[in-house]
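Containing mmCIF, C-alpha atoms, pLDDT in the B column; chains and numbers go by the auth columns: protein25.cif.
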```cif
data_query
#
loop_
_atom_site.group_PDB
_atom_site.id
_atom_site.type_symbol
_atom_site.label_atom_id
_atom_site.label_comp_id
_atom_site.label_asym_id
_atom_site.label_seq_id
_atom_site.Cartn_x
_atom_site.Cartn_y
_atom_site.Cartn_z
_atom_site.B_iso_or_equiv
_atom_site.auth_seq_id
_atom_site.auth_asym_id
ATOM 1 C CA MET A 1 0.000 0.000 0.000 64.00 1 A
ATOM 2 C CA ALA A 2 1.201 3.512 -0.882 80.00 2 A
ATOM 3 C CA LEU A 3 1.055 6.245 1.754 88.00 3 A
ATOM 4 C CA GLU A 4 -0.635 9.362 0.304 91.00 4 A
ATOM 5 C CA LYS A 5 -1.631 12.830 1.546 94.00 5 A
ATOM 6 C CA THR A 6 -4.451 15.022 0.287 96.00 6 A
ATOM 7 C CA GLU A 7 -6.958 17.615 1.430 97.00 7 A
ATOM 8 C CA ALA A 8 -10.472 16.288 1.950 97.00 8 A
ATOM 9 C CA VAL A 9 -14.032 17.007 3.102 98.00 9 A
ATOM 10 C CA ILE A 10 -16.256 14.278 4.567 97.00 10 A
ATOM 11 C CA LEU A 11 -19.341 13.473 2.484 96.00 11 A
ATOM 12 C CA LYS A 12 -20.779 10.482 4.378 94.00 12 A
ATOM 13 C CA MET A 13 -19.917 7.998 7.123 92.00 13 A
ATOM 14 C CA PHE A 14 -21.136 4.422 7.662 89.00 14 A
ATOM 15 C CA ASN A 15 -20.595 2.749 11.039 85.00 15 A
ATOM 16 C CA TRP A 16 -20.154 -1.039 10.817 76.00 16 A
ATOM 17 C CA SER A 17 -18.703 -1.982 14.211 74.00 17 A
ATOM 18 C CA GLU A 18 -18.291 -0.481 17.663 73.00 18 A
ATOM 19 C CA SER A 19 -14.877 0.865 16.733 74.00 19 A
ATOM 20 C CA SER A 20 -14.698 1.098 12.935 81.00 20 A
ATOM 21 C CA ARG A 21 -16.514 2.673 10.017 87.00 21 A
ATOM 22 C CA THR A 22 -16.274 3.529 6.321 91.00 22 A
ATOM 23 C CA VAL A 23 -15.855 7.219 5.477 94.00 23 A
ATOM 24 C CA VAL A 24 -16.547 8.669 2.041 96.00 24 A
ATOM 25 C CA PHE A 25 -14.421 11.737 1.309 97.00 25 A
ATOM 26 C CA PHE A 26 -14.310 14.320 -1.453 98.00 26 A
ATOM 27 C CA THR A 27 -10.565 14.773 -1.851 97.00 27 A
ATOM 28 C CA ARG A 28 -8.677 17.382 -3.822 97.00 28 A
ATOM 29 C CA LYS A 29 -6.245 14.834 -5.289 95.00 29 A
ATOM 30 C CA PHE A 30 -8.345 11.709 -5.862 94.00 30 A
ATOM 31 C CA GLY A 31 -11.937 12.931 -6.105 95.00 31 A
ATOM 32 C CA LYS A 32 -14.564 10.884 -4.260 96.00 32 A
ATOM 33 C CA MET A 33 -13.141 7.918 -2.405 94.00 33 A
ATOM 34 C CA ALA A 34 -14.206 5.586 0.416 94.00 34 A
ATOM 35 C CA LEU A 35 -11.685 4.726 3.136 93.00 35 A
ATOM 36 C CA ILE A 36 -11.845 2.319 6.050 90.00 36 A
ATOM 37 C CA ASP A 37 -11.445 3.988 9.446 88.00 37 A
ATOM 38 C CA ARG A 38 -10.153 1.149 11.628 82.00 38 A
ATOM 39 C CA GLY A 39 -10.640 1.879 15.297 72.00 39 A
ATOM 40 C CA GLY A 40 -11.519 5.504 14.589 65.00 40 A
ATOM 41 C CA ARG A 41 -14.703 5.377 16.658 63.00 41 A
ATOM 42 C CA SER A 42 -12.821 4.196 19.732 65.00 42 A
ATOM 43 C CA LEU A 43 -12.051 6.688 22.479 56.00 43 A
ATOM 44 C CA LYS A 44 -8.558 5.181 22.551 63.00 44 A
ATOM 45 C CA SER A 45 -7.812 6.225 18.962 63.00 45 A
ATOM 46 C CA LYS A 46 -4.625 8.306 18.829 64.00 46 A
ATOM 47 C CA ARG A 47 -5.141 9.972 15.475 70.00 47 A
ATOM 48 C CA GLY A 48 -6.933 13.265 14.804 72.00 48 A
ATOM 49 C CA ARG A 49 -10.713 13.614 14.889 83.00 49 A
ATOM 50 C CA LEU A 50 -12.858 13.292 11.804 90.00 50 A
ATOM 51 C CA LEU A 51 -14.974 16.457 11.642 91.00 51 A
ATOM 52 C CA ARG A 52 -17.914 17.192 9.346 93.00 52 A
ATOM 53 C CA PHE A 53 -17.904 20.535 7.499 96.00 53 A
ATOM 54 C CA ALA A 54 -14.144 20.895 7.761 97.00 54 A
ATOM 55 C CA ARG A 55 -11.139 21.070 5.429 97.00 55 A
ATOM 56 C CA LEU A 56 -9.008 18.159 6.495 96.00 56 A
ATOM 57 C CA ASP A 57 -5.387 17.194 5.897 96.00 57 A
ATOM 58 C CA LEU A 58 -5.789 13.470 5.272 95.00 58 A
ATOM 59 C CA THR A 59 -3.059 10.819 5.305 94.00 59 A
ATOM 60 C CA LEU A 60 -4.130 7.474 3.853 91.00 60 A
ATOM 61 C CA TYR A 61 -2.952 4.106 2.684 88.00 61 A
ATOM 62 C CA ASN A 62 -4.178 3.742 -0.890 81.00 62 A
ATOM 63 C CA SER A 63 -4.564 0.143 -2.050 71.00 63 A
ATOM 64 C CA GLN A 64 -4.542 -0.958 -5.688 66.00 64 A
ATOM 65 C CA LYS A 65 -5.650 -4.495 -4.783 64.00 65 A
ATOM 66 C CA GLU A 66 -8.508 -3.818 -2.340 63.00 66 A
ATOM 67 C CA THR A 67 -11.721 -1.878 -2.879 67.00 67 A
ATOM 68 C CA SER A 68 -10.952 0.601 -0.073 76.00 68 A
ATOM 69 C CA GLY A 69 -7.817 2.084 1.395 87.00 69 A
ATOM 70 C CA TYR A 70 -7.333 3.012 5.035 89.00 70 A
ATOM 71 C CA ILE A 71 -7.143 6.239 7.005 91.00 71 A
ATOM 72 C CA SER A 72 -3.744 6.723 8.629 90.00 72 A
ATOM 73 C CA ASP A 73 -4.131 10.174 10.177 91.00 73 A
ATOM 74 C CA VAL A 74 -6.165 13.335 9.881 93.00 74 A
ATOM 75 C CA GLU A 75 -5.746 16.975 10.918 93.00 75 A
ATOM 76 C CA ALA A 76 -8.335 19.746 10.733 94.00 76 A
ATOM 77 C CA LEU A 77 -7.042 22.692 8.680 96.00 77 A
ATOM 78 C CA ARG A 78 -10.266 24.743 8.786 96.00 78 A
ATOM 79 C CA VAL A 79 -13.534 24.007 10.565 96.00 79 A
ATOM 80 C CA PHE A 80 -16.623 25.769 9.223 96.00 80 A
ATOM 81 C CA SER A 81 -18.903 26.695 12.102 91.00 81 A
ATOM 82 C CA LEU A 82 -22.568 26.602 11.088 88.00 82 A
ATOM 83 C CA GLU A 83 -23.922 27.801 14.413 85.00 83 A
ATOM 84 C CA LYS A 84 -24.728 31.402 13.451 83.00 84 A
ATOM 85 C CA ASP A 85 -28.371 32.606 13.467 81.00 85 A
ATOM 86 C CA GLY A 86 -30.362 30.138 11.372 74.00 86 A
ATOM 87 C CA GLY A 87 -28.037 27.312 12.358 78.00 87 A
ATOM 88 C CA LEU A 88 -30.496 24.499 11.569 84.00 88 A
ATOM 89 C CA GLY A 89 -30.913 25.847 8.046 84.00 89 A
ATOM 90 C CA ARG A 90 -27.137 26.137 7.643 90.00 90 A
ATOM 91 C CA LEU A 91 -26.687 22.531 8.766 89.00 91 A
ATOM 92 C CA ALA A 92 -29.436 21.333 6.430 88.00 92 A
ATOM 93 C CA TYR A 93 -27.993 23.162 3.411 91.00 93 A
ATOM 94 C CA GLY A 94 -24.464 22.036 4.292 93.00 94 A
ATOM 95 C CA SER A 95 -25.590 18.423 4.657 91.00 95 A
ATOM 96 C CA ALA A 96 -27.576 18.625 1.412 90.00 96 A
ATOM 97 C CA ALA A 97 -24.486 19.833 -0.471 94.00 97 A
ATOM 98 C CA CYS A 98 -22.456 16.887 0.839 94.00 98 A
ATOM 99 C CA GLU A 99 -25.272 14.431 0.074 90.00 99 A
ATOM 100 C CA LEU A 100 -25.561 15.797 -3.454 91.00 100 A
ATOM 101 C CA LEU A 101 -21.852 15.303 -4.108 94.00 101 A
ATOM 102 C CA TYR A 102 -21.916 11.848 -2.519 92.00 102 A
ATOM 103 C CA ILE A 103 -24.689 10.802 -4.900 89.00 103 A
ATOM 104 C CA LEU A 104 -23.490 12.462 -8.117 90.00 104 A
ATOM 105 C CA LEU A 105 -19.690 12.425 -8.049 93.00 105 A
ATOM 106 C CA PRO A 106 -18.011 9.581 -9.953 91.00 106 A
ATOM 107 C CA GLU A 107 -15.603 7.380 -8.024 90.00 107 A
ATOM 108 C CA SER A 108 -11.894 8.231 -7.998 86.00 108 A
ATOM 109 C CA GLU A 109 -12.084 11.034 -10.562 93.00 109 A
ATOM 110 C CA GLN A 110 -10.252 14.234 -9.701 94.00 110 A
ATOM 111 C CA GLN A 111 -12.544 17.272 -9.540 95.00 111 A
ATOM 112 C CA SER A 112 -10.204 19.905 -8.118 95.00 112 A
ATOM 113 C CA SER A 113 -12.211 22.968 -9.238 96.00 113 A
ATOM 114 C CA LEU A 114 -15.412 21.509 -7.796 97.00 114 A
ATOM 115 C CA TYR A 115 -13.571 20.673 -4.574 97.00 115 A
ATOM 116 C CA SER A 116 -12.463 24.309 -4.270 97.00 116 A
ATOM 117 C CA TYR A 117 -16.026 25.415 -5.029 97.00 117 A
ATOM 118 C CA LEU A 118 -17.328 23.267 -2.155 98.00 118 A
ATOM 119 C CA LEU A 119 -14.882 24.943 0.245 98.00 119 A
ATOM 120 C CA SER A 120 -15.995 28.388 -0.951 98.00 120 A
ATOM 121 C CA TYR A 121 -19.624 27.368 -0.483 98.00 121 A
ATOM 122 C CA LEU A 122 -19.028 26.166 3.090 97.00 122 A
ATOM 123 C CA GLU A 123 -17.243 29.420 3.888 97.00 123 A
ATOM 124 C CA LYS A 124 -20.190 31.463 2.583 97.00 124 A
ATOM 125 C CA LEU A 125 -22.634 29.180 4.395 96.00 125 A
ATOM 126 C CA GLU A 126 -20.827 30.001 7.618 95.00 126 A
ATOM 127 C CA GLN A 127 -20.830 33.762 7.080 94.00 127 A
ATOM 128 C CA VAL A 128 -23.936 35.048 5.292 94.00 128 A
ATOM 129 C CA ASP A 129 -27.171 36.254 6.857 93.00 129 A
ATOM 130 C CA LYS A 130 -29.776 33.482 6.970 91.00 130 A
ATOM 131 C CA LYS A 131 -32.041 35.239 4.438 92.00 131 A
ATOM 132 C CA TYR A 132 -29.415 34.550 1.754 95.00 132 A
ATOM 133 C CA LEU A 133 -29.025 30.820 2.501 93.00 133 A
ATOM 134 C CA PRO A 134 -31.689 29.526 0.040 93.00 134 A
ATOM 135 C CA ALA A 135 -30.234 31.414 -2.947 96.00 135 A
ATOM 136 C CA LEU A 136 -26.732 30.332 -1.936 96.00 136 A
ATOM 137 C CA PHE A 137 -27.706 26.648 -1.976 95.00 137 A
ATOM 138 C CA LEU A 138 -29.631 26.973 -5.253 96.00 138 A
ATOM 139 C CA THR A 139 -26.558 28.502 -6.880 97.00 139 A
ATOM 140 C CA PHE A 140 -24.383 25.685 -5.534 97.00 140 A
ATOM 141 C CA LEU A 141 -26.885 23.090 -6.777 95.00 141 A
ATOM 142 C CA LEU A 142 -27.065 24.617 -10.267 96.00 142 A
ATOM 143 C CA ARG A 143 -23.259 24.862 -10.551 96.00 143 A
ATOM 144 C CA VAL A 144 -22.707 21.253 -9.447 95.00 144 A
ATOM 145 C CA MET A 145 -25.370 20.068 -11.897 93.00 145 A
ATOM 146 C CA SER A 146 -23.826 22.012 -14.757 93.00 146 A
ATOM 147 C CA GLN A 147 -20.255 20.943 -14.014 93.00 147 A
ATOM 148 C CA LEU A 148 -21.273 17.279 -13.890 92.00 148 A
ATOM 149 C CA GLY A 149 -23.202 17.511 -17.170 91.00 149 A
ATOM 150 C CA TYR A 150 -26.780 18.172 -15.991 91.00 150 A
ATOM 151 C CA HIS A 151 -27.779 21.571 -17.360 91.00 151 A
ATOM 152 C CA PRO A 152 -31.523 22.386 -17.405 93.00 152 A
ATOM 153 C CA SER A 153 -32.664 24.531 -20.323 93.00 153 A
ATOM 154 C CA LEU A 154 -33.984 27.795 -18.880 91.00 154 A
ATOM 155 C CA ALA A 155 -33.291 30.255 -21.716 89.00 155 A
ATOM 156 C CA PHE A 156 -34.353 28.051 -24.656 91.00 156 A
ATOM 157 C CA CYS A 157 -37.252 25.693 -25.299 92.00 157 A
ATOM 158 C CA ALA A 158 -36.146 22.118 -24.609 92.00 158 A
ATOM 159 C CA GLY A 159 -38.234 20.988 -27.598 91.00 159 A
ATOM 160 C CA CYS A 160 -37.445 23.394 -30.455 92.00 160 A
ATOM 161 C CA SER A 161 -34.500 25.382 -28.965 92.00 161 A
ATOM 162 C CA ARG A 162 -36.200 28.724 -29.613 88.00 162 A
ATOM 163 C CA ASN A 163 -35.047 31.514 -27.331 87.00 163 A
ATOM 164 C CA TRP A 164 -37.706 32.307 -24.775 79.00 164 A
ATOM 165 C CA ALA A 165 -37.300 36.011 -25.578 76.00 165 A
ATOM 166 C CA ASP A 166 -38.716 35.233 -29.063 77.00 166 A
ATOM 167 C CA ILE A 167 -41.744 33.286 -27.837 72.00 167 A
ATOM 168 C CA PRO A 168 -44.973 35.216 -27.085 69.00 168 A
ATOM 169 C CA GLN A 169 -45.986 34.562 -23.487 67.00 169 A
ATOM 170 C CA ASP A 170 -49.237 35.154 -21.650 62.00 170 A
ATOM 171 C CA SER A 171 -49.573 35.716 -17.921 59.00 171 A
ATOM 172 C CA GLY A 172 -49.907 32.012 -17.139 74.00 172 A
ATOM 173 C CA LYS A 173 -47.338 29.546 -15.834 83.00 173 A
ATOM 174 C CA LEU A 174 -44.275 28.539 -17.813 89.00 174 A
ATOM 175 C CA LEU A 175 -44.092 24.758 -18.075 91.00 175 A
ATOM 176 C CA PHE A 176 -40.956 22.840 -17.077 94.00 176 A
ATOM 177 C CA SER A 177 -40.473 19.222 -18.135 95.00 177 A
ATOM 178 C CA ALA A 178 -38.001 17.215 -16.059 92.00 178 A
ATOM 179 C CA GLN A 179 -38.028 14.466 -18.698 92.00 179 A
ATOM 180 C CA ARG A 180 -37.381 16.764 -21.670 93.00 180 A
ATOM 181 C CA GLY A 181 -34.735 18.779 -19.858 93.00 181 A
ATOM 182 C CA GLY A 182 -36.196 22.215 -19.207 94.00 182 A
ATOM 183 C CA LEU A 183 -38.843 24.726 -20.215 93.00 183 A
ATOM 184 C CA VAL A 184 -41.157 23.706 -23.048 93.00 184 A
ATOM 185 C CA CYS A 185 -42.890 26.328 -25.189 91.00 185 A
ATOM 186 C CA PRO A 186 -46.632 26.091 -25.983 89.00 186 A
ATOM 187 C CA SER A 187 -45.958 24.795 -29.533 90.00 187 A
ATOM 188 C CA CYS A 188 -43.892 21.855 -28.225 93.00 188 A
ATOM 189 C CA GLN A 189 -46.115 20.834 -25.320 91.00 189 A
ATOM 190 C CA LYS A 190 -47.825 17.449 -25.673 91.00 190 A
ATOM 191 C CA PRO A 191 -51.054 16.214 -24.084 90.00 191 A
ATOM 192 C CA GLY A 192 -50.510 13.744 -21.269 90.00 192 A
ATOM 193 C CA GLU A 193 -46.965 14.851 -20.457 91.00 193 A
ATOM 194 C CA TYR A 194 -46.125 15.870 -16.900 93.00 194 A
ATOM 195 C CA TYR A 195 -45.102 19.497 -16.458 94.00 195 A
ATOM 196 C CA ILE A 196 -44.201 21.638 -13.469 94.00 196 A
ATOM 197 C CA GLY A 197 -45.690 25.121 -13.608 92.00 197 A
ATOM 198 C CA LEU A 198 -43.192 27.908 -12.926 92.00 198 A
ATOM 199 C CA SER A 199 -43.947 31.591 -12.638 90.00 199 A
ATOM 200 C CA ALA A 200 -41.969 34.114 -14.660 87.00 200 A
ATOM 201 C CA GLY A 201 -40.336 35.116 -11.366 90.00 201 A
ATOM 202 C CA ASP A 202 -39.310 31.495 -10.687 92.00 202 A
ATOM 203 C CA VAL A 203 -37.679 31.209 -14.107 91.00 203 A
ATOM 204 C CA LYS A 204 -35.924 34.543 -13.713 91.00 204 A
ATOM 205 C CA SER A 205 -34.555 33.508 -10.311 94.00 205 A
ATOM 206 C CA LEU A 206 -33.236 30.201 -11.665 94.00 206 A
ATOM 207 C CA SER A 207 -31.715 31.888 -14.737 93.00 207 A
ATOM 208 C CA VAL A 208 -29.963 34.512 -12.609 94.00 208 A
ATOM 209 C CA LEU A 209 -28.644 31.998 -10.078 95.00 209 A
ATOM 210 C CA GLN A 210 -27.535 29.607 -12.828 94.00 210 A
ATOM 211 C CA ARG A 211 -25.012 32.277 -13.883 93.00 211 A
ATOM 212 C CA ALA A 212 -24.287 33.756 -10.449 96.00 212 A
ATOM 213 C CA SER A 213 -21.112 33.505 -8.405 97.00 213 A
ATOM 214 C CA LEU A 214 -21.370 32.561 -4.741 97.00 214 A
ATOM 215 C CA ASP A 215 -20.642 36.183 -3.826 97.00 215 A
ATOM 216 C CA GLU A 216 -23.546 37.337 -6.008 97.00 216 A
ATOM 217 C CA ALA A 217 -25.883 34.665 -4.622 96.00 217 A
ATOM 218 C CA ALA A 218 -24.954 35.717 -1.080 94.00 218 A
ATOM 219 C CA ALA A 219 -26.689 39.048 -1.755 95.00 219 A
ATOM 220 C CA VAL A 220 -30.000 37.596 -3.035 94.00 220 A
ATOM 221 C CA PRO A 221 -32.725 37.297 -0.384 94.00 221 A
ATOM 222 C CA MET A 222 -35.127 34.410 -0.995 91.00 222 A
ATOM 223 C CA GLY A 223 -37.885 32.790 1.014 88.00 223 A
ATOM 224 C CA TYR A 224 -37.448 29.194 2.191 84.00 224 A
ATOM 225 C CA GLN A 225 -40.790 28.062 0.770 84.00 225 A
ATOM 226 C CA GLY A 226 -40.147 29.425 -2.721 87.00 226 A
ATOM 227 C CA ALA A 227 -36.602 28.075 -2.719 89.00 227 A
ATOM 228 C CA THR A 228 -37.764 24.612 -1.606 87.00 228 A
ATOM 229 C CA PHE A 229 -40.171 24.456 -4.562 90.00 229 A
ATOM 230 C CA LEU A 230 -37.371 25.347 -6.998 93.00 230 A
ATOM 231 C CA ILE A 231 -35.008 22.826 -5.383 90.00 231 A
ATOM 232 C CA GLU A 232 -37.665 20.110 -5.720 88.00 232 A
ATOM 233 C CA THR A 233 -38.091 21.036 -9.399 92.00 233 A
ATOM 234 C CA LEU A 234 -34.361 20.656 -10.023 92.00 234 A
ATOM 235 C CA ALA A 235 -34.329 17.407 -8.013 88.00 235 A
ATOM 236 C CA ASP A 236 -37.031 15.995 -10.319 88.00 236 A
ATOM 237 C CA PHE A 237 -34.840 16.934 -13.302 91.00 237 A
ATOM 238 C CA LEU A 238 -31.821 15.229 -11.728 88.00 238 A
ATOM 239 C CA LYS A 239 -33.728 12.088 -10.807 86.00 239 A
ATOM 240 C CA PHE A 240 -34.698 11.565 -14.427 86.00 240 A
ATOM 241 C CA HIS A 241 -31.403 12.453 -16.104 85.00 241 A
ATOM 242 C CA SER A 242 -28.856 11.100 -13.643 81.00 242 A
ATOM 243 C CA GLY A 243 -30.677 7.927 -12.718 69.00 243 A
ATOM 244 C CA LEU A 244 -28.826 8.163 -9.403 62.00 244 A
ATOM 245 C CA LEU A 245 -30.428 10.727 -7.169 55.00 245 A
ATOM 246 C CA SER A 246 -32.344 9.530 -4.147 60.00 246 A
ATOM 247 C CA GLU A 247 -34.239 11.886 -1.884 62.00 247 A
ATOM 248 C CA LEU A 248 -31.981 14.375 -0.135 66.00 248 A
ATOM 249 C CA LYS A 249 -32.716 13.613 3.514 72.00 249 A
ATOM 250 C CA SER A 250 -31.251 16.952 4.580 67.00 250 A
ATOM 251 C CA LEU A 251 -33.855 18.783 2.508 66.00 251 A
ATOM 252 C CA GLU A 252 -36.639 16.631 3.929 69.00 252 A
ATOM 253 C CA PHE A 253 -35.501 17.941 7.313 66.00 253 A
ATOM 254 C CA LEU A 254 -35.486 21.476 5.909 65.00 254 A
ATOM 255 C CA GLU A 255 -39.030 20.999 4.614 66.00 255 A
ATOM 256 C CA LYS A 256 -40.207 20.270 8.156 64.00 256 A
ATOM 257 C CA LEU A 257 -38.515 23.389 9.472 61.00 257 A
ATOM 258 C CA LYS A 258 -39.473 25.937 6.847 61.00 258 A
ATOM 259 C CA ASN A 259 -42.676 27.087 8.570 58.00 259 A
ATOM 260 C CA THR A 260 -41.101 27.334 12.021 56.00 260 A
ATOM 261 C CA GLN A 261 -39.138 30.138 13.656 49.00 261 A
ATOM 262 C CA LEU A 262 -36.045 27.960 13.951 49.00 262 A
ATOM 263 C CA MET A 263 -34.645 28.699 10.469 53.00 263 A
#
```
Would you put the structure from the file into structure tokens?
Amino acid sequence: MALEKTEAVILKMFNWSESSRTVVFFTRKFGKMALIDRGGRSLKSKRGRLLRFARLDLTLYNSQKETSGYISDVEALRVFSLEKDGGLGRLAYGSAACELLYILLPESEQQSSLYSYLLSYLEKLEQVDKKYLPALFLTFLLRVMSQLGYHPSLAFCAGCSRNWADIPQDSGKLLFSAQRGGLVCPSCQKPGEYYIGLSAGDVKSLSVLQRASLDEAAAVPMGYQGATFLIETLADFLKFHSGLLSELKSLEFLEKLKNTQLM
């Protein structure tokens, strides 16, 4: 086994004994990888602590013969505190980002720019006022989708590719088809197909955030209810086109909280 070092963020952990577990990391050097943490759950473990929402300096034994390598040591380089006002929302959006990457990232494929983007997202999640959290997560979601090849059509009809600026529109809902990959103009709509109705404001928000930087998104106030509807719309799109996405449990938790004063 070769001894390697890389930066990493924890995406998911699976306990399988009283003292050991499997930890799935997003690493700067190797992309997504699962490592065995032998004895890491024991209070007698002498290595550093594994912390969620932290930039870690990870030392590992990487095996070419076995399905998983092993954690040798770990040191926290930067811990992102998500305890500011709206802490439950911060935790939910942070957990949802990690779940999303766990589900969509390919195994052992370097994604260094996306890794850096995750760190920038966690930093913003720690800092911004809670009214900007929904737009921040939507921007992260749209960027991850686009970078991994899932790009919903919001400016052009998914059926005929006409620019929406050239299509006469009434005051009704704009129809989004998860199956066909985006907005569908009236001429291309088919009876019996399932569509999600979006307002012009919904489409404008998605279009703006699809092109926004994290700094720009961190200045866009957005309600939790409206954001949750848009996230669910994008999740439907991902479920169809990726064939991989299960329900994001973190967002189910967020759904329960959105009408409370705890956000």
Closest pair table for stretch 198-237 of chain A residues within 7 Å of stretch 124-141 of chain A, only C-alpha atoms, as JSON lines:
```
{"residue": "A:Leu209", "atom": "CA", "partner": "A:Thr139", "partner_atom": "CA", "distance": 5.2}
{"residue": "A:Gln210", "atom": "CA", "partner": "A:Thr139", "partner_atom": "CA", "distance": 6.1}
{"residue": "A:Ala212", "atom": "CA", "partner": "A:Thr139", "partner_atom": "CA", "distance": 6.7}
{"residue": "A:Leu214", "atom": "CA", "partner": "A:Leu136", "partner_atom": "CA", "distance": 6.4}
{"residue": "A:Ala217", "atom": "CA", "partner": "A:Leu136", "partner_atom": "CA", "distance": 5.2}
{"residue": "A:Ala218", "atom": "CA", "partner": "A:Tyr132", "partner_atom": "CA", "distance": 5.4}
{"residue": "A:Ala219", "atom": "CA", "partner": "A:Tyr132", "partner_atom": "CA", "distance": 6.3}
{"residue": "A:Val220", "atom": "CA", "partner": "A:Tyr132", "partner_atom": "CA", "distance": 5.7}
{"residue": "A:Pro221", "atom": "CA", "partner": "A:Tyr132", "partner_atom": "CA", "distance": 4.8}
{"residue": "A:Met222", "atom": "CA", "partner": "A:Ala135", "partner_atom": "CA", "distance": 6.1}
{"residue": "A:Tyr224", "atom": "CA", "partner": "A:Pro134", "partner_atom": "CA", "distance": 6.2}
{"residue": "A:Ala227", "atom": "CA", "partner": "A:Pro134", "partner_atom": "CA", "distance": 5.8}
{"residue": "A:Ile231", "atom": "CA", "partner": "A:Leu138", "partner_atom": "CA", "distance": 6.8}
```
Can you pull out every residue within 10 Å of stretch 8-15 of chain A, counting all atoms listed in the file, but drop anything in the same chain fewer than 5 positions away, and send it as a PDB file with C-alpha atoms, in the frame of the given file?
```pdb
ATOM      1  CA  SER A  20     -14.698   1.098  12.935  1.00 81.00           C
ATOM      2  CA  ARG A  21     -16.514   2.673  10.017  1.00 87.00           C
ATOM      3  CA  THR A  22     -16.274   3.529   6.321  1.00 91.00           C
ATOM      4  CA  VAL A  23     -15.855   7.219   5.477  1.00 94.00           C
ATOM      5  CA  VAL A  24     -16.547   8.669   2.041  1.00 96.00           C
ATOM      6  CA  PHE A  25     -14.421  11.737   1.309  1.00 97.00           C
ATOM      7  CA  PHE A  26     -14.310  14.320  -1.453  1.00 98.00           C
ATOM      8  CA  THR A  27     -10.565  14.773  -1.851  1.00 97.00           C
ATOM      9  CA  ARG A  28      -8.677  17.382  -3.822  1.00 97.00           C
ATOM     10  CA  LYS A  29      -6.245  14.834  -5.289  1.00 95.00           C
ATOM     11  CA  PHE A  30      -8.345  11.709  -5.862  1.00 94.00           C
ATOM     12  CA  GLY A  31     -11.937  12.931  -6.105  1.00 95.00           C
ATOM     13  CA  LYS A  32     -14.564  10.884  -4.260  1.00 96.00           C
ATOM     14  CA  MET A  33     -13.141   7.918  -2.405  1.00 94.00           C
ATOM     15  CA  ALA A  34     -14.206   5.586   0.416  1.00 94.00           C
ATOM     16  CA  LEU A  35     -11.685   4.726   3.136  1.00 93.00           C
ATOM     17  CA  ILE A  36     -11.845   2.319   6.050  1.00 90.00           C
ATOM     18  CA  ASP A  37     -11.445   3.988   9.446  1.00 88.00           C
ATOM     19  CA  ARG A  41     -14.703   5.377  16.658  1.00 63.00           C
ATOM     20  CA  LEU A  50     -12.858  13.292  11.804  1.00 90.00           C
ATOM     21  CA  LEU A  51     -14.974  16.457  11.642  1.00 91.00           C
ATOM     22  CA  ARG A  52     -17.914  17.192   9.346  1.00 93.00           C
ATOM     23  CA  PHE A  53     -17.904  20.535   7.499  1.00 96.00           C
ATOM     24  CA  ALA A  54     -14.144  20.895   7.761  1.00 97.00           C
ATOM     25  CA  ARG A  55     -11.139  21.070   5.429  1.00 97.00           C
ATOM     26  CA  LEU A  56      -9.008  18.159   6.495  1.00 96.00           C
ATOM     27  CA  ASP A  57      -5.387  17.194   5.897  1.00 96.00           C
ATOM     28  CA  LEU A  58      -5.789  13.470   5.272  1.00 95.00           C
ATOM     29  CA  THR A  59      -3.059  10.819   5.305  1.00 94.00           C
ATOM     30  CA  VAL A  74      -6.165  13.335   9.881  1.00 93.00           C
ATOM     31  CA  ALA A  76      -8.335  19.746  10.733  1.00 94.00           C
ATOM     32  CA  LEU A  77      -7.042  22.692   8.680  1.00 96.00           C
ATOM     33  CA  SER A  95     -25.590  18.423   4.657  1.00 91.00           C
ATOM     34  CA  ALA A  96     -27.576  18.625   1.412  1.00 90.00           C
ATOM     35  CA  ALA A  97     -24.486  19.833  -0.471  1.00 94.00           C
ATOM     36  CA  CYS A  98     -22.456  16.887   0.839  1.00 94.00           C
ATOM     37  CA  GLU A  99     -25.272  14.431   0.074  1.00 90.00           C
ATOM     38  CA  LEU A 100     -25.561  15.797  -3.454  1.00 91.00           C
ATOM     39  CA  LEU A 101     -21.852  15.303  -4.108  1.00 94.00           C
ATOM     40  CA  TYR A 102     -21.916  11.848  -2.519  1.00 92.00           C
ATOM     41  CA  ILE A 103     -24.689  10.802  -4.900  1.00 89.00           C
ATOM     42  CA  TYR A 115     -13.571  20.673  -4.574  1.00 97.00           C
ATOM     43  CA  LEU A 118     -17.328  23.267  -2.155  1.00 98.00           C
ATOM     44  CA  LEU A 119     -14.882  24.943   0.245  1.00 98.00           C
TER      45      LEU A 119
END
```
Which residue of A:Gly48, A:Gly201, A:Pro152, A:Gly39 approaches A:Gly182 most closely, using all atoms listed in the file: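 Of all the options, A:Pro152 lies closest to A:Gly182.
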Kindly list the centre and edge lengths in Å, rounded to one decimal, for the axis-aligned box that covers all listed atoms of stretch 66-77 of chain A plus 3 Å on each of its six sides, as JSON.
```
{"center_x": -7.7, "center_y": 9.4, "center_z": 4.0, "size_x": 14.0, "size_y": 32.5, "size_z": 19.8}
```
Could you check the closest approach to A:Ser68 for each of A:Glu107, A:Leu230, A:Ser113, A:Leu148 and tell me which residue wins, using all atoms listed in the file? A:Glu107
Close residues, stretch 61-63 of chain A itself excluded, 9 Å, only C-alpha atoms, min 5 positions apart in chain, as a list in words: Met1, Ala2, Leu3, Glu4, Lys5, Leu35, Ser68, Gly69, Tyr70, Ile71 and Ser72 of chain A
Selected residue, from A:Thr233, A:Ser17, A:Gln147, A:Ser153, that lies nearest to A:Tyr117 when counting only C-alpha atoms: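 Distance minimum relative to A:Tyr117 lands on A:Gln147.
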Considering all atoms listed in the file, return as a ChimeraX atom specification whatever protein or nucleic-acid residues lie within 12 Å of A:Gly159, sequence-local ones (same chain, fewer than 6 positions apart) excluded. /A:153,175-177,179-190
